[in-house]
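**Student:** work20.cif is reproduced below (mmCIF, C-alpha atoms and all ligand atoms).
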data_coords
#
loop_
_atom_site.label_atom_id
_atom_site.label_comp_id
_atom_site.auth_asym_id
_atom_site.auth_seq_id
_atom_site.Cartn_x
_atom_site.Cartn_y
_atom_site.Cartn_z
CA VAL A 197 -112.43 -42.60 -107.61
CA GLN A 198 -112.00 -38.83 -107.47
CA ARG A 199 -111.41 -37.20 -110.87
CA PRO A 200 -108.91 -34.32 -110.87
CA ILE A 201 -110.76 -31.11 -111.65
CA GLU A 202 -109.43 -29.21 -114.66
CA ALA A 203 -107.42 -26.09 -113.75
CA ARG A 204 -109.58 -24.09 -116.17
CA ASP A 205 -112.74 -25.06 -114.25
CA ARG A 206 -111.16 -24.39 -110.85
CA LEU A 207 -110.03 -20.99 -112.11
CA ALA A 208 -113.54 -20.18 -113.33
CA TRP A 209 -115.00 -21.17 -109.93
CA ALA A 210 -112.44 -19.08 -108.00
CA THR A 211 -113.11 -16.12 -110.32
CA ALA A 212 -116.84 -16.36 -109.56
CA GLN A 213 -116.07 -16.28 -105.80
CA MET A 214 -113.94 -13.13 -106.04
CA PRO A 215 -116.38 -10.25 -106.63
CA VAL A 216 -114.10 -7.44 -105.44
CA LEU A 217 -111.38 -8.25 -107.98
CA ALA A 218 -114.15 -8.50 -110.62
CA SER A 219 -115.35 -5.01 -109.67
CA LEU A 220 -111.78 -3.64 -109.97
CA ARG A 221 -111.39 -5.20 -113.43
CA GLU A 222 -114.69 -3.70 -114.54
CA GLU A 223 -114.15 -0.26 -113.03
CA LEU A 224 -110.41 0.32 -113.45
CA GLY A 225 -109.64 -1.97 -116.40
CA PRO A 226 -110.65 0.47 -119.18
CA GLY A 227 -108.46 3.26 -117.72
CA GLY A 228 -105.43 0.93 -117.58
CA PRO A 229 -103.87 2.37 -114.39
CA LEU A 230 -101.06 -0.21 -114.55
CA ARG A 231 -100.35 0.20 -118.27
CA GLY A 232 -96.60 0.10 -118.88
CA GLN A 233 -95.88 -1.37 -115.41
CA ARG A 234 -93.72 -4.49 -115.08
CA VAL A 235 -94.96 -6.32 -111.98
CA ALA A 236 -92.83 -9.10 -110.40
CA LEU A 237 -95.16 -11.08 -108.14
CA CYS A 238 -94.36 -13.75 -105.55
CA ALA A 239 -97.24 -15.80 -104.13
CA HIS A 240 -98.59 -19.27 -103.43
CA LEU A 241 -99.40 -20.40 -106.98
CA THR A 242 -103.10 -21.13 -106.49
CA ALA A 243 -106.30 -20.50 -108.43
CA GLU A 244 -106.90 -17.33 -106.37
CA THR A 245 -103.43 -16.03 -107.25
CA ALA A 246 -104.21 -16.72 -110.91
CA VAL A 247 -107.32 -14.51 -110.61
CA GLN A 248 -105.18 -11.76 -109.08
CA VAL A 249 -102.54 -12.04 -111.82
CA LEU A 250 -105.21 -11.84 -114.55
CA THR A 251 -106.71 -8.81 -112.78
CA LEU A 252 -103.33 -7.03 -112.78
CA ARG A 253 -103.09 -7.80 -116.48
CA ALA A 254 -106.60 -6.48 -117.10
CA LEU A 255 -105.46 -3.22 -115.47
CA GLY A 256 -102.62 -3.01 -118.01
CA ALA A 257 -99.65 -4.60 -116.20
CA ASP A 258 -97.13 -7.02 -117.62
CA VAL A 259 -96.75 -9.69 -114.87
CA ALA A 260 -94.02 -12.26 -114.13
CA CYS A 261 -94.72 -14.44 -111.10
CA CYS A 262 -92.92 -17.00 -108.98
CA ALA A 263 -93.87 -19.46 -106.24
CA SER A 264 -93.55 -18.29 -102.63
CA ASN A 265 -93.50 -21.90 -101.42
CA PRO A 266 -92.53 -25.15 -103.22
CA ALA A 267 -95.12 -27.14 -101.25
CA THR A 268 -98.13 -25.11 -102.34
CA ALA A 269 -97.57 -24.59 -106.08
CA ASP A 270 -100.50 -25.91 -108.13
CA ASP A 271 -98.89 -27.29 -111.29
CA GLY A 272 -102.20 -27.34 -113.18
CA MET A 273 -102.72 -23.64 -112.43
CA VAL A 274 -99.13 -22.85 -113.48
CA ALA A 275 -99.83 -24.54 -116.84
CA GLU A 276 -103.15 -22.69 -117.15
CA LEU A 277 -101.44 -19.31 -116.58
CA ARG A 278 -98.69 -20.16 -119.06
CA ALA A 279 -101.33 -21.08 -121.62
CA ARG A 280 -102.61 -17.53 -121.14
CA GLN A 281 -99.10 -16.15 -121.88
CA VAL A 282 -98.29 -15.27 -118.26
CA VAL A 283 -94.62 -15.80 -117.28
CA VAL A 284 -94.61 -18.16 -114.26
CA PHE A 285 -91.65 -19.72 -112.42
CA GLY A 286 -92.06 -22.63 -110.00
CA ARG A 287 -93.44 -26.13 -109.62
CA ARG A 288 -94.63 -28.30 -106.78
CA GLY A 289 -91.94 -30.17 -104.86
CA MET A 290 -88.90 -28.31 -106.29
CA ASP A 291 -85.85 -28.38 -104.03
CA ALA A 292 -84.66 -25.38 -102.00
CA ALA A 293 -81.93 -24.38 -104.46
CA GLU A 294 -84.33 -24.32 -107.42
CA TRP A 295 -86.89 -22.42 -105.36
CA ARG A 296 -84.36 -19.75 -104.31
CA SER A 297 -83.37 -19.26 -107.96
CA LEU A 298 -86.95 -18.26 -108.83
CA ALA A 299 -86.58 -14.78 -107.31
CA GLY A 300 -83.82 -13.88 -109.76
CA ALA A 301 -85.79 -15.39 -112.66
CA ALA A 302 -88.89 -13.27 -111.86
CA LEU A 303 -86.87 -10.09 -111.29
CA ARG A 304 -84.97 -10.63 -114.56
CA ALA A 305 -88.07 -11.31 -116.66
CA TRP A 306 -87.34 -7.86 -118.16
CA PRO A 307 -83.81 -6.57 -118.94
CA GLU A 308 -84.41 -3.45 -116.85
CA GLY A 309 -86.09 -5.33 -113.97
CA PRO A 310 -89.58 -4.81 -112.53
CA SER A 311 -91.15 -1.38 -111.99
CA LEU A 312 -93.36 -2.78 -109.17
CA VAL A 313 -93.02 -5.76 -106.84
CA ALA A 314 -95.91 -7.66 -105.20
CA ASP A 315 -94.12 -9.70 -102.57
CA GLU A 316 -94.76 -12.43 -100.04
CA GLY A 317 -92.29 -13.07 -97.21
CA ALA A 318 -89.95 -10.39 -98.73
CA PHE A 319 -88.68 -13.13 -101.06
CA LEU A 320 -88.20 -10.75 -104.00
CA LEU A 321 -87.23 -7.73 -101.90
CA ALA A 322 -84.42 -9.63 -100.16
CA ALA A 323 -83.13 -10.93 -103.53
CA LEU A 324 -83.35 -7.44 -105.05
CA ALA A 325 -81.32 -5.99 -102.18
CA ALA A 326 -78.74 -8.78 -102.03
CA ASP A 327 -78.15 -10.13 -105.53
CA HIS A 328 -79.84 -7.87 -108.08
CA ALA A 329 -79.18 -4.38 -106.70
CA GLU A 330 -78.55 -2.99 -110.19
CA LEU A 331 -82.25 -3.60 -111.00
CA ALA A 332 -83.55 -1.84 -107.89
CA GLY A 333 -83.15 1.60 -109.50
CA SER A 334 -86.07 1.00 -111.84
CA THR A 335 -88.39 -0.26 -109.06
CA ARG A 336 -90.89 2.42 -107.95
CA GLY A 337 -92.47 0.52 -105.09
CA ALA A 338 -93.63 -2.79 -103.63
CA THR A 339 -96.37 -4.41 -101.59
CA GLU A 340 -95.74 -7.06 -98.92
CA LYS A 341 -98.39 -9.46 -97.63
CA THR A 342 -97.01 -11.27 -94.55
CA PRO A 343 -96.05 -9.97 -91.08
CA ALA A 344 -92.62 -11.65 -91.28
CA GLY A 345 -92.04 -10.13 -94.74
CA ALA A 346 -93.03 -6.67 -93.49
CA ARG A 347 -90.49 -7.06 -90.64
CA ARG A 348 -87.79 -8.05 -93.16
CA ALA A 349 -88.72 -5.08 -95.35
CA ARG A 350 -88.38 -2.77 -92.30
CA ASP A 351 -84.92 -4.24 -91.59
CA LEU A 352 -83.88 -3.69 -95.22
CA ALA A 353 -85.17 -0.10 -95.10
CA ALA A 354 -83.39 0.56 -91.78
CA SER A 355 -80.09 -0.64 -93.27
CA GLY A 356 -80.55 1.69 -96.26
CA ARG A 357 -80.93 -1.20 -98.76
CA LEU A 358 -84.45 -0.34 -99.88
CA GLY A 359 -84.60 2.71 -102.12
CA PHE A 360 -88.38 2.71 -102.70
CA PRO A 361 -91.64 2.62 -100.69
CA VAL A 362 -93.19 -0.68 -99.54
CA LEU A 363 -96.88 -0.89 -98.63
CA ASP A 364 -97.52 -3.25 -95.70
CA VAL A 365 -100.65 -5.02 -96.97
CA ASP A 366 -100.76 -7.17 -93.81
CA SER A 367 -101.67 -4.09 -91.76
CA GLY A 368 -104.81 -3.45 -93.81
CA PHE A 369 -108.24 -4.72 -92.74
CA ALA A 370 -108.76 -7.07 -95.65
CA LYS A 371 -105.56 -8.96 -94.92
CA HIS A 372 -105.32 -8.59 -91.18
CA GLU A 373 -108.91 -9.17 -90.14
CA LEU A 374 -110.36 -11.06 -93.06
CA ASP A 375 -107.46 -13.39 -93.90
CA ASN A 376 -105.45 -13.64 -90.65
CA SER A 377 -108.30 -13.52 -88.12
CA ALA A 378 -111.09 -15.25 -90.05
CA GLY A 379 -110.11 -17.05 -93.26
CA ALA A 380 -106.78 -18.64 -92.29
CA PRO A 381 -107.95 -19.92 -88.86
CA GLU A 382 -111.07 -21.48 -90.34
CA SER A 383 -109.16 -23.19 -93.14
CA ILE A 384 -106.29 -24.31 -90.83
CA VAL A 385 -108.61 -25.91 -88.24
CA GLU A 386 -110.73 -27.49 -90.98
CA SER A 387 -107.60 -28.89 -92.68
CA ILE A 388 -106.18 -30.30 -89.43
CA GLY A 389 -109.43 -32.13 -88.68
CA ARG A 390 -109.86 -33.48 -92.19
CA VAL A 391 -106.23 -34.43 -92.96
CA SER A 392 -105.70 -36.09 -89.55
CA GLY A 393 -109.10 -37.80 -89.73
CA ARG A 394 -109.46 -37.10 -86.02
CA LEU A 395 -112.29 -35.62 -83.98
CA ILE A 396 -111.27 -32.26 -82.48
CA ALA A 397 -114.14 -32.15 -79.97
CA GLY A 398 -113.18 -33.33 -76.50
CA LYS A 399 -109.44 -33.15 -77.25
CA THR A 400 -106.64 -30.89 -76.01
CA PHE A 401 -105.57 -28.50 -78.77
CA VAL A 402 -102.35 -26.50 -78.29
CA VAL A 403 -101.88 -23.32 -80.35
CA ALA A 404 -98.36 -21.84 -80.47
CA GLY A 405 -98.60 -18.08 -81.07
CA TYR A 406 -101.55 -15.85 -80.21
CA GLY A 407 -101.31 -13.37 -83.07
CA PRO A 408 -104.46 -12.85 -85.16
CA VAL A 409 -104.12 -16.31 -86.75
CA GLY A 410 -103.48 -18.12 -83.45
CA ALA A 411 -106.29 -16.24 -81.71
CA GLY A 412 -108.69 -17.23 -84.49
CA ILE A 413 -107.59 -20.88 -84.32
CA ALA A 414 -107.98 -20.94 -80.52
CA GLN A 415 -111.52 -19.56 -80.77
CA ARG A 416 -112.54 -22.01 -83.51
CA ALA A 417 -111.01 -25.08 -81.84
CA ARG A 418 -112.88 -24.13 -78.65
CA GLY A 419 -116.05 -23.71 -80.70
CA LEU A 420 -115.64 -27.30 -81.89
CA GLY A 421 -115.45 -28.47 -78.28
CA ALA A 422 -111.70 -28.76 -77.69
CA GLU A 423 -109.87 -27.72 -74.55
CA VAL A 424 -107.45 -25.08 -75.90
CA ILE A 425 -104.00 -24.22 -74.51
CA VAL A 426 -102.01 -21.25 -75.86
CA THR A 427 -98.24 -20.77 -75.83
CA GLU A 428 -96.84 -17.26 -76.37
CA VAL A 429 -93.56 -15.37 -75.97
CA ARG A 430 -95.02 -11.83 -75.79
CA PRO A 431 -96.60 -10.85 -72.47
CA THR A 432 -99.27 -8.68 -74.11
CA ARG A 433 -100.52 -11.50 -76.33
CA ALA A 434 -100.25 -14.06 -73.50
CA LEU A 435 -102.35 -11.79 -71.28
CA LEU A 436 -104.92 -11.33 -74.05
CA ALA A 437 -105.21 -15.12 -74.40
CA VAL A 438 -105.85 -15.42 -70.65
CA LEU A 439 -108.43 -12.60 -70.80
CA ASN A 440 -110.15 -14.51 -73.60
CA GLY A 441 -110.42 -17.53 -71.30
CA PHE A 442 -107.59 -19.75 -72.58
CA ASP A 443 -104.96 -21.59 -70.55
CA VAL A 444 -101.49 -20.22 -71.26
CA MET A 445 -98.37 -22.20 -70.41
CA PRO A 446 -94.89 -22.96 -71.80
CA MET A 447 -94.75 -25.38 -74.71
CA ALA A 448 -92.59 -27.75 -72.64
CA VAL A 449 -95.60 -28.29 -70.35
CA ALA A 450 -98.41 -27.93 -72.90
CA VAL A 451 -96.96 -30.47 -75.31
CA SER A 452 -97.26 -33.33 -72.79
CA ARG A 453 -101.04 -32.76 -72.68
CA ALA A 454 -101.64 -32.14 -76.39
CA ASP A 455 -103.73 -34.23 -78.75
CA PHE A 456 -103.08 -31.55 -81.40
CA VAL A 457 -100.27 -28.99 -81.67
CA CYS A 458 -100.57 -26.21 -84.24
CA THR A 459 -97.78 -23.65 -84.70
CA VAL A 460 -98.61 -20.16 -86.06
CA THR A 461 -95.81 -17.96 -84.77
CA GLY A 462 -93.77 -17.04 -87.86
CA ALA A 463 -90.75 -18.08 -85.71
CA ALA A 464 -88.33 -20.98 -86.12
CA GLY A 465 -88.51 -23.83 -83.62
CA ALA A 466 -91.76 -22.87 -81.85
CA LEU A 467 -92.06 -26.65 -81.44
CA ALA A 468 -88.40 -27.38 -80.71
CA ALA A 469 -86.46 -30.63 -80.50
CA GLY A 470 -86.56 -30.58 -76.68
CA HIS A 471 -90.37 -30.28 -76.76
CA LEU A 472 -90.58 -33.40 -78.93
CA ASP A 473 -89.16 -35.49 -76.09
CA ARG A 474 -92.25 -34.61 -74.05
CA VAL A 475 -94.87 -34.82 -76.78
CA ARG A 476 -97.80 -37.04 -75.96
CA ASP A 477 -98.01 -40.43 -77.69
CA GLY A 478 -100.29 -40.20 -80.73
CA ALA A 479 -100.31 -36.38 -80.94
CA VAL A 480 -101.02 -34.64 -84.26
CA LEU A 481 -98.45 -31.96 -85.22
CA ALA A 482 -99.30 -29.28 -87.77
CA ASN A 483 -97.90 -25.93 -88.88
CA GLY A 484 -100.17 -23.13 -90.10
CA GLY A 485 -97.40 -20.50 -90.33
CA HIS A 486 -96.01 -19.27 -93.61
CA ASP A 487 -92.68 -21.14 -93.36
CA PRO A 488 -91.95 -24.81 -92.61
CA TRP A 489 -89.38 -24.15 -89.87
CA GLU A 490 -91.82 -23.65 -86.97
CA ILE A 491 -91.62 -27.38 -86.15
CA ASP A 492 -87.96 -28.43 -85.77
CA LEU A 493 -88.06 -31.05 -88.54
CA ASP A 494 -84.35 -31.95 -88.22
CA GLY A 495 -84.87 -32.61 -84.51
CA LEU A 496 -87.98 -34.63 -85.29
CA ASN A 497 -86.33 -36.67 -88.07
CA ALA A 498 -83.43 -37.52 -85.73
CA ARG A 499 -85.97 -39.21 -83.42
CA VAL A 500 -87.85 -41.17 -86.09
CA ALA A 501 -87.43 -44.96 -86.37
CA ARG A 502 -90.10 -45.53 -89.03
CA ARG A 503 -92.50 -43.38 -91.06
CA VAL A 504 -95.71 -44.51 -92.74
CA GLU A 505 -98.09 -42.37 -94.82
CA VAL A 506 -101.51 -43.24 -93.40
CA GLY A 507 -103.50 -40.73 -95.45
CA PRO A 508 -102.87 -37.88 -97.90
CA GLY A 509 -100.69 -35.39 -96.00
CA ASN A 510 -100.81 -37.50 -92.82
CA GLU A 511 -97.61 -39.31 -91.84
CA ARG A 512 -97.35 -41.52 -88.76
CA LEU A 513 -93.85 -41.18 -87.34
CA GLU A 514 -92.78 -43.94 -84.97
CA LEU A 515 -90.17 -42.54 -82.65
CA ASN A 516 -87.07 -44.30 -81.31
CA ASP A 517 -88.52 -44.44 -77.80
CA GLY A 518 -91.69 -46.25 -78.88
CA ARG A 519 -94.05 -43.25 -79.04
CA ALA A 520 -95.62 -42.12 -82.32
CA VAL A 521 -96.75 -38.74 -83.64
CA HIS A 522 -98.67 -37.71 -86.75
CA LEU A 523 -97.04 -35.00 -88.86
CA LEU A 524 -99.41 -33.20 -91.24
CA ALA A 525 -98.23 -31.90 -94.63
CA GLY A 526 -94.61 -32.67 -93.70
CA GLY A 527 -94.60 -29.53 -91.51
CA GLU A 528 -95.49 -27.23 -94.43
CA THR A 529 -98.36 -24.72 -94.17
CA VAL A 530 -101.10 -27.27 -93.55
CA ASN A 531 -104.11 -25.56 -95.12
CA LEU A 532 -102.21 -24.75 -98.30
CA ALA A 533 -99.99 -27.83 -98.69
CA ALA A 534 -102.56 -30.47 -97.65
CA GLY A 535 -105.84 -28.57 -97.71
CA ARG A 536 -107.74 -26.46 -100.16
CA GLY A 537 -106.24 -23.19 -98.88
CA ASN A 538 -108.11 -20.12 -97.82
CA PRO A 539 -111.62 -19.66 -99.23
CA SER A 540 -111.53 -17.66 -102.48
CA GLU A 541 -113.67 -14.85 -101.03
CA VAL A 542 -111.07 -14.29 -98.29
CA MET A 543 -108.25 -14.06 -100.82
CA ASP A 544 -110.48 -11.71 -102.84
CA GLY A 545 -110.23 -9.10 -100.09
CA ALA A 546 -106.51 -9.59 -99.41
CA PHE A 547 -105.61 -9.55 -103.12
CA ALA A 548 -107.87 -6.57 -103.89
CA ILE A 549 -105.98 -4.53 -101.27
CA GLN A 550 -102.72 -5.58 -102.90
CA VAL A 551 -103.95 -4.63 -106.39
CA LEU A 552 -105.14 -1.22 -105.10
CA GLY A 553 -101.76 -0.81 -103.36
CA LEU A 554 -99.95 -1.39 -106.67
CA VAL A 555 -102.25 1.09 -108.46
CA HIS A 556 -101.49 3.60 -105.69
CA LEU A 557 -97.72 3.08 -106.08
CA ALA A 558 -97.98 3.52 -109.86
CA GLY A 559 -99.83 6.83 -109.35
CA GLU A 560 -100.04 9.25 -106.45
CA GLY A 561 -98.14 6.93 -104.07
CA SER A 562 -95.02 7.03 -106.26
CA SER A 563 -93.86 10.09 -104.31
CA LEU A 564 -93.84 8.19 -100.98
CA PRO A 565 -90.36 8.14 -99.40
CA PRO A 566 -88.43 4.85 -99.14
CA GLY A 567 -89.51 2.74 -96.16
CA VAL A 568 -92.54 0.68 -95.08
CA HIS A 569 -95.94 2.41 -95.13
CA PRO A 570 -99.51 1.35 -94.26
CA VAL A 571 -102.03 0.86 -97.06
CA PRO A 572 -104.24 4.00 -97.32
CA ALA A 573 -107.30 3.47 -95.09
CA ARG A 574 -109.77 4.38 -97.85
CA TYR A 575 -108.86 1.16 -99.67
CA ASP A 576 -109.87 -0.84 -96.59
CA ASP A 577 -113.29 0.83 -96.58
CA LEU A 578 -113.67 0.26 -100.32
CA VAL A 579 -112.80 -3.45 -100.15
CA ALA A 580 -114.75 -4.15 -96.94
CA GLY A 581 -117.81 -2.34 -98.34
CA ARG A 582 -117.74 -4.30 -101.59
CA LEU A 583 -117.27 -7.62 -99.83
CA ALA A 584 -120.10 -6.88 -97.45
CA ALA A 585 -122.32 -5.84 -100.37
CA ALA A 586 -121.42 -9.05 -102.22
CA MET A 587 -122.50 -11.00 -99.11
CA GLY A 588 -125.85 -9.23 -99.32
CA LEU A 589 -125.30 -7.20 -96.14
CA SER A 590 -126.51 -3.69 -95.56
CA TRP A 591 -124.73 -1.97 -92.72
CA ALA A 592 -125.40 1.74 -93.00
CA VAL A 593 -127.49 3.34 -90.25
CA PRO A 594 -130.91 4.15 -91.80
N1 LIG B 1 -101.94 -20.55 -93.36
C1 LIG B 1 -102.44 -19.43 -93.81
O1 LIG B 1 -103.36 -19.43 -94.65
C2 LIG B 1 -101.94 -18.14 -93.24
C3 LIG B 1 -102.65 -16.93 -93.48
C4 LIG B 1 -102.17 -15.76 -92.89
C5 LIG B 1 -100.98 -15.78 -92.14
N2 LIG B 1 -100.29 -16.96 -91.98
C6 LIG B 1 -99.05 -17.06 -91.21
O2 LIG B 1 -99.37 -17.41 -89.86
C7 LIG B 1 -98.33 -16.92 -89.00
C8 LIG B 1 -98.93 -16.07 -87.88
O3 LIG B 1 -99.57 -14.92 -88.43
P1 LIG B 1 -100.05 -13.72 -87.47
O4 LIG B 1 -100.66 -12.69 -88.35
O5 LIG B 1 -100.86 -14.26 -86.33
O6 LIG B 1 -98.59 -13.24 -86.98
P2 LIG B 1 -98.13 -12.36 -85.73
O7 LIG B 1 -96.67 -12.09 -85.94
O8 LIG B 1 -99.06 -11.21 -85.52
O9 LIG B 1 -98.32 -13.35 -84.47
C9 LIG B 1 -97.43 -14.39 -84.14
C10 LIG B 1 -97.42 -14.54 -82.62
O10 LIG B 1 -96.55 -15.63 -82.28
C11 LIG B 1 -95.81 -15.26 -81.12
N3 LIG B 1 -94.58 -16.06 -81.06
C12 LIG B 1 -93.38 -15.83 -81.67
N4 LIG B 1 -92.52 -16.82 -81.36
C13 LIG B 1 -93.18 -17.69 -80.55
C14 LIG B 1 -92.81 -18.91 -79.94
N5 LIG B 1 -91.58 -19.45 -80.08
N6 LIG B 1 -93.74 -19.55 -79.17
C15 LIG B 1 -94.99 -19.03 -79.01
N7 LIG B 1 -95.39 -17.86 -79.58
C16 LIG B 1 -94.49 -17.20 -80.36
C17 LIG B 1 -95.56 -13.76 -81.29
O11 LIG B 1 -95.30 -13.16 -80.03
C18 LIG B 1 -96.89 -13.29 -81.90
O12 LIG B 1 -97.83 -12.86 -80.92
C19 LIG B 1 -97.37 -16.16 -89.92
O13 LIG B 1 -96.31 -17.02 -90.30
C20 LIG B 1 -98.23 -15.82 -91.12
O14 LIG B 1 -97.46 -15.61 -92.30
C21 LIG B 1 -100.76 -18.13 -92.50
#
Take the structure I supplied and represent it as structure tokens, if you would.
Ligand SMILES: NC(=O)c1ccc[n+]([C@@H]2O[C@H](COP(=O)([O-])OP(=O)(O)OC[C@H]3O[C@@H](n4cnc5c(N)ncnc54)[C@H](O)[C@@H]3O)[C@@H](O)[C@H]2O)c1
**Tutor:**
Amino acid sequence: VQRPIEARDRLAWATAQMPVLASLREELGPGGPLRGQRVALCAHLTAETAVQVLTLRALGADVACCASNPATADDGMVAELRARQVVVFGRRGMDAAEWRSLAGAALRAWPEGPSLVADEGAFLLAALAADHAELAGSTRGATEKTPAGARRARDLAASGRLGFPVLDVDSGFAKHELDNSAGAPESIVESIGRVSGRLIAGKTFVVAGYGPVGAGIAQRARGLGAEVIVTEVRPTRALLAVLNGFDVMPMAVAVSRADFVCTVTGAAGALAAGHLDRVRDGAVLANGGHDPWEIDLDGLNARVARRVEVGPGNERLELNDGRAVHLLAGGETVNLAAGRGNPSEVMDGAFAIQVLGLVHLAGEGSSLPPGVHPVPARYDDLVAGRLAAAMGLSWAVP
């Protein structure tokens, strides 16, 4: 029988795997560059997020955080943070209405609202613009971690509803290359294999979306011995997939050959109801994207005659026409909802860039005009250099 590991011990282990955040605490902590800042933070409530929150606090910030996804909140870690007097909103399995209310709760943790926002999926930014506009005046700036959130932030800025600068953390090396291209693909493919209990080698693996995450998944599934098919809507990315040696075809065709389908598009209905009518009997369906709408779950549920949980996070859905499919993690982000999530050292880089972005916004970056801006390139070099050093690499030309 597996014993649940104490949140305190998991937090200590994650902390030990996150050397860049440790270096920021050691170096910047005494100067308190975030002293007096009220940071509203939205994130998957994991051990790695807890390390980031405690780092922001070590740099002087007062932090209130909320869950970016009801399926990924780690209740033990929430309790651990609360025991350390951090204000946290969210719990695993809350319904959509409760989850949506968390944005307002985090933004209103202080009467005057936050001075900085660390966002994911523009959850807090959208709420600030729509429902809590009177608080926006005291916000000096924000960071955003996901590509979809950065697009939403650009839309808000274009419509004049964002009166402060937003740093697009996703565009920085540590998020874009380390998390999206390396960490997330590895953890998504590993989770799909383990949660489904199926061999990936020798199978047909369909990846929807050939952004950095999809490209990384395609490469890793091929490395395990799968035949990989890519579906894409953008010609440039479709061409790149072909140049990298993958078959590219419409989902309507690919799905009839798939043993595995993995969506990583950021778009709703990448695996649409019509595709489900052609899905191969026994196929495994998983979503690695940030939001659960990439697989049309309403369309899928309308076709289900019987559902049986055959393993943790692995549901066998018997369809009305006699076929069956396996849905992993109920269509939620598979590596976070049913797996262990990204390795801590990957989140170390992505979170360190976010912390440096917040320090920048509290200091010299506070004069940036409203709109979405890249993270200063020097932070990429700093984080990449420290991660490489922590891995024992030396890269300078002698
Ligand atoms: N699970 C994780 O740990 C993790 C980590 C990082 C990012 N993500 C998420 O993974 C998703 C992809 O990230 P990315 O950085 O590769 O994003 P991206 O926006 O760069 O790439 C997505 C690609 O999907 C394509 N696409 C859009 N709609 C499509 C459709 N209907 N069919 C096929 N292709 C379609 C787009 O043209 C684009 O090339 C996002 O939702 C992101 O938030 C997850």
**Student:** Using all atoms listed in the file, determine which residues fall within 6 Å of ligand LIG 1 (chain B), then list them as a ChimeraX atom specification.
**Tutor:** /A:342-343,375-376,380,404-410,427-430,433,460-463,466,484-486,529,531,538
**Student:** May I ask for the distance between atom CA of A:Thr242 and atom CA of A:Met543, given in Å to one decimal place?
**Tutor:**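 Those two atoms sit 10.4 Å apart.
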**Student:** Excluding same-chain residues fewer than 4 positions from A:Val579, what lies within 10 Å of it counting all atoms listed in the file, as a list in words?
**Tutor:**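 Those residues are Val216, Leu217, Ser219, Leu220, Phe369, Ala370, Asp544, Gly545, Ala546, Phe547, Ala548, Ile549, Leu552, Arg574, Tyr575, Leu583, Ala584 and Ala585 of chain A.
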**Student:** Could you check the closest approach to A:His471 for each of A:Thr459, A:Gln281, A:Ser452, A:Thr245 and tell me which residue wins, using only C-alpha atoms?
**Tutor:**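 Of A:Thr459, A:Gln281, A:Ser452, A:Thr245, the one nearest A:His471 is A:Ser452, counting only C-alpha atoms.
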**Student:** Sorted by chain and rising residue number, which residues of stretch 228-251 of chain A lie within 10 Å of stretch 292-301 of chain A, and what are their closest atom pairs and distances in Å to one decimal, counting only C-alpha atoms, as JSON lines?
**Tutor:**
{"residue": "A:Ala236", "atom": "CA", "partner": "A:Ala299", "partner_atom": "CA", "distance": 9.0}
{"residue": "A:Leu237", "atom": "CA", "partner": "A:Ala299", "partner_atom": "CA", "distance": 9.4}
{"residue": "A:Cys238", "atom": "CA", "partner": "A:Ala299", "partner_atom": "CA", "distance": 8.0}
**Student:** Name the residues in contact with A:Ala520 at a cut-off of 10 Å, using all atoms listed in the file, excluding same-chain residues fewer than 5 positions from it; report them as a list of chain:residue names.
**Tutor:**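 Neighbouring residues, sequence-local ones excluded: A:Val475, A:Arg476, A:Asp477, A:Gly478, A:Ala479, A:Val480, A:Val500, A:Ala501, A:Arg502, A:Arg503, A:Arg512, A:Leu513, A:Glu514, A:Leu515.
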**Student:** So what do you get for atom CA of A:Ala454 versus atom CA of A:Thr400, distance-wise?
**Tutor:**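 Computing the Euclidean distance for atom CA of A:Ala454 and atom CA of A:Thr400 yields 5.2 Å.
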**Student:** Please provide the set of residues having any atom within 8 Å of A:Pro539, restricted to only C-alpha atoms, with same-chain residues fewer than 3 positions apart removed, written as a ChimeraX atom specification.
**Tutor:** /A:379,383,536,542-543
**Student:** Tell me which of A:Arg347, A:Arg499, A:Arg390, A:Arg519 sits closest to A:Gly567, counting all atoms listed in the file.
**Tutor:**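 Looking at the shortest contact to A:Gly567, the residue is A:Arg347.
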**Student:** Quick one: residues within 12 Å of A:Asp494, only C-alpha atoms, excluding same-chain residues fewer than 3 positions away - as an MDAnalysis selection string?
**Tutor:** chainID A and resid 464:465 467:470 472 488:491 497:500 526:527
**Student:** By how many Å are atom CA of A:Ala417 and atom CA of A:Pro215 apart?
**Tutor:**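 Between these atoms lies a distance of 29.4 Å.
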**Student:** Please identify all polymer residues within 9 Å of A:Gly286, counting all atoms listed in the file, omitting same-chain residues fewer than 6 positions from it, and present them as a PDB file with C-alpha atoms, in the frame of the given file.
**Tutor:**
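What ended up in part13.pdb:
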ATOM      1  CA  LEU A 241     -99.400 -20.400-106.980  1.00  0.00           C
ATOM      2  CA  CYS A 261     -94.720 -14.440-111.100  1.00  0.00           C
ATOM      3  CA  CYS A 262     -92.920 -17.000-108.980  1.00  0.00           C
ATOM      4  CA  ALA A 263     -93.870 -19.460-106.240  1.00  0.00           C
ATOM      5  CA  SER A 264     -93.550 -18.290-102.630  1.00  0.00           C
ATOM      6  CA  ASN A 265     -93.500 -21.900-101.420  1.00  0.00           C
ATOM      7  CA  PRO A 266     -92.530 -25.150-103.220  1.00  0.00           C
ATOM      8  CA  ALA A 269     -97.570 -24.590-106.080  1.00  0.00           C
ATOM      9  CA  ASP A 271     -98.890 -27.290-111.290  1.00  0.00           C
ATOM     10  CA  VAL A 274     -99.130 -22.850-113.480  1.00  0.00           C
ATOM     11  CA  GLU A 294     -84.330 -24.320-107.420  1.00  0.00           C
ATOM     12  CA  TRP A 295     -86.890 -22.420-105.360  1.00  0.00           C
ATOM     13  CA  LEU A 298     -86.950 -18.260-108.830  1.00  0.00           C
TER      14      LEU A 298
END
